[in-house]
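**Q** Structure file upload-v5.cif (mmCIF, C-alpha atoms) right here:
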```
data_coords
loop_
_atom_site.group_PDB
_atom_site.id
_atom_site.type_symbol
_atom_site.label_atom_id
_atom_site.label_comp_id
_atom_site.auth_asym_id
_atom_site.auth_seq_id
_atom_site.Cartn_x
_atom_site.Cartn_y
_atom_site.Cartn_z
ATOM 1 C CA MET A 1 8.741 2.269 -0.169
ATOM 2 C CA ASP A 2 7.082 2.972 -3.527
ATOM 3 C CA LYS A 3 8.103 -0.480 -4.741
ATOM 4 C CA LEU A 4 6.739 -2.173 -1.599
ATOM 5 C CA ALA A 5 3.479 -0.209 -1.835
ATOM 6 C CA THR A 6 3.097 -1.199 -5.494
ATOM 7 C CA GLN A 7 3.754 -4.861 -4.682
ATOM 8 C CA LEU A 8 1.193 -4.779 -1.864
ATOM 9 C CA LEU A 9 -1.461 -3.227 -4.110
ATOM 10 C CA ASN A 10 -0.802 -5.918 -6.707
ATOM 11 C CA VAL A 11 -1.029 -8.700 -4.109
ATOM 12 C CA PHE A 12 -4.336 -7.327 -2.841
ATOM 13 C CA GLY A 13 -5.921 -7.354 -6.290
ATOM 14 C CA TYR A 14 -4.786 -4.178 -8.045
ATOM 15 C CA VAL A 15 -2.805 -6.079 -10.659
ATOM 16 C CA ASN A 16 -2.330 -3.033 -12.885
ATOM 17 C CA ALA A 17 -0.604 -0.952 -10.213
ATOM 18 C CA LYS A 18 2.588 0.620 -11.468
ATOM 19 C CA GLU A 19 5.183 2.285 -9.281
ATOM 20 C CA GLU A 20 4.680 5.638 -11.007
ATOM 21 C CA ASP A 21 0.948 5.578 -10.091
ATOM 22 C CA VAL A 22 1.538 4.960 -6.365
ATOM 23 C CA ILE A 23 2.268 7.802 -3.938
ATOM 24 C CA VAL A 24 3.443 6.929 -0.426
ATOM 25 C CA LEU A 25 1.838 9.457 1.918
ATOM 26 C CA ASN A 26 3.067 8.088 5.230
ATOM 27 C CA SER A 27 5.253 5.162 6.187
ATOM 28 C CA SER A 28 7.052 3.485 9.031
ATOM 29 C CA PHE A 29 8.390 0.009 9.715
ATOM 30 C CA ASN A 30 4.893 -1.392 10.374
ATOM 31 C CA TYR A 31 2.627 1.030 8.492
ATOM 32 C CA LEU A 32 2.054 2.325 4.964
ATOM 33 C CA GLN A 33 -0.465 4.885 3.784
ATOM 34 C CA VAL A 34 -0.565 5.161 0.002
ATOM 35 C CA GLU A 35 -2.548 6.964 -2.653
ATOM 36 C CA PHE A 36 -3.451 5.059 -5.800
ATOM 37 C CA PHE A 37 -5.627 6.833 -8.372
ATOM 38 C CA LYS A 38 -6.965 9.314 -5.792
ATOM 39 C CA GLN A 39 -7.920 6.611 -3.274
ATOM 40 C CA ILE A 40 -6.122 6.107 0.028
ATOM 41 C CA TYR A 41 -5.058 2.632 1.147
ATOM 42 C CA TYR A 42 -3.648 1.609 4.520
ATOM 43 C CA PHE A 43 -1.385 -1.345 5.188
ATOM 44 C CA THR A 44 -0.082 -2.547 8.534
ATOM 45 C CA ARG A 45 2.428 -5.245 9.330
ATOM 46 C CA GLU A 46 1.321 -7.825 11.880
ATOM 47 C CA ASN A 47 3.618 -10.749 12.741
ATOM 48 C CA ASN A 48 5.748 -10.060 9.626
ATOM 49 C CA THR A 49 2.653 -10.178 7.390
ATOM 50 C CA TRP A 50 1.298 -7.107 5.593
ATOM 51 C CA VAL A 51 -2.452 -6.584 5.986
ATOM 52 C CA MET A 52 -4.660 -4.173 4.053
ATOM 53 C CA GLU A 53 -6.798 -2.190 6.489
ATOM 54 C CA LEU A 54 -10.403 -1.505 5.521
ATOM 55 C CA GLU A 55 -12.073 1.743 6.435
#
```
Written as structure tokens, that's how I'd like the structure from this file.
**A**
Amino acid sequence: MDKLATQLLNVFGYVNAKEEDVIVLNSSFNYLQVEFFKQIYYFTRENNTWVMELE
């Protein structure tokens, strides 16, 4: 999941994300909650497409 979370952060504009900087806090088949440099990011999968959720 760390690799997927890193890829998602890079796709959504965090091009310097490295796997060692990403911490997966919670995950399931359709949901990822990750920490990246002390900020929390949420991703959900809708119709086989990952979406970054805004708070």
**Q** List the residues matched by the PyMOL selection byres ((chain A and resi 22) around 7) in the displayed structure as a PyMOL selection string, ordered by chain and then by residue number.
**A** chain A and resi 2+6+18-21+23-24+34-36
**Q** Give as a PDB file with C-alpha atoms, in the coordinates of the input every residue, naming chains and numbers as the document does, that has an atom within 10 Å of (5.6, -7.1, 6.4), counting only C-alpha atoms.
**A**
```pdb
ATOM      1  CA  LEU A   4       6.739  -2.173  -1.599  1.00  0.00           C
ATOM      2  CA  LEU A   8       1.193  -4.779  -1.864  1.00  0.00           C
ATOM      3  CA  PHE A  29       8.390   0.009   9.715  1.00  0.00           C
ATOM      4  CA  ASN A  30       4.893  -1.392  10.374  1.00  0.00           C
ATOM      5  CA  TYR A  31       2.627   1.030   8.492  1.00  0.00           C
ATOM      6  CA  PHE A  43      -1.385  -1.345   5.188  1.00  0.00           C
ATOM      7  CA  THR A  44      -0.082  -2.547   8.534  1.00  0.00           C
ATOM      8  CA  ARG A  45       2.428  -5.245   9.330  1.00  0.00           C
ATOM      9  CA  GLU A  46       1.321  -7.825  11.880  1.00  0.00           C
ATOM     10  CA  ASN A  47       3.618 -10.749  12.741  1.00  0.00           C
ATOM     11  CA  ASN A  48       5.748 -10.060   9.626  1.00  0.00           C
ATOM     12  CA  THR A  49       2.653 -10.178   7.390  1.00  0.00           C
ATOM     13  CA  TRP A  50       1.298  -7.107   5.593  1.00  0.00           C
ATOM     14  CA  VAL A  51      -2.452  -6.584   5.986  1.00  0.00           C
TER      15      VAL A  51
END
```
**Q** I'd like to know which of A:Met1, A:Asn16, A:Leu32, A:Asn26 is closest to Met52 in chain A, using only C-alpha atoms.
**A** A:Leu32
**Q** Distance CA of Gly13 in chain A-CA of Leu25 in chain A, one decimal place?
**A**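 Separation of CA of Gly13 in chain A and CA of Leu25 in chain A: 20.3 Å.
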**Q** Do you have the CA of Glu53 in chain A-CA of Gln33 in chain A distance handy?
**A** 9.9 Å
**Q** Using only C-alpha atoms, can you tell me which of A:Tyr42, A:Val15, A:Leu9, A:Leu54 comes closest to Ser28 in chain A?
**A**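 So, comparing all the options, the nearest one is A:Tyr42.
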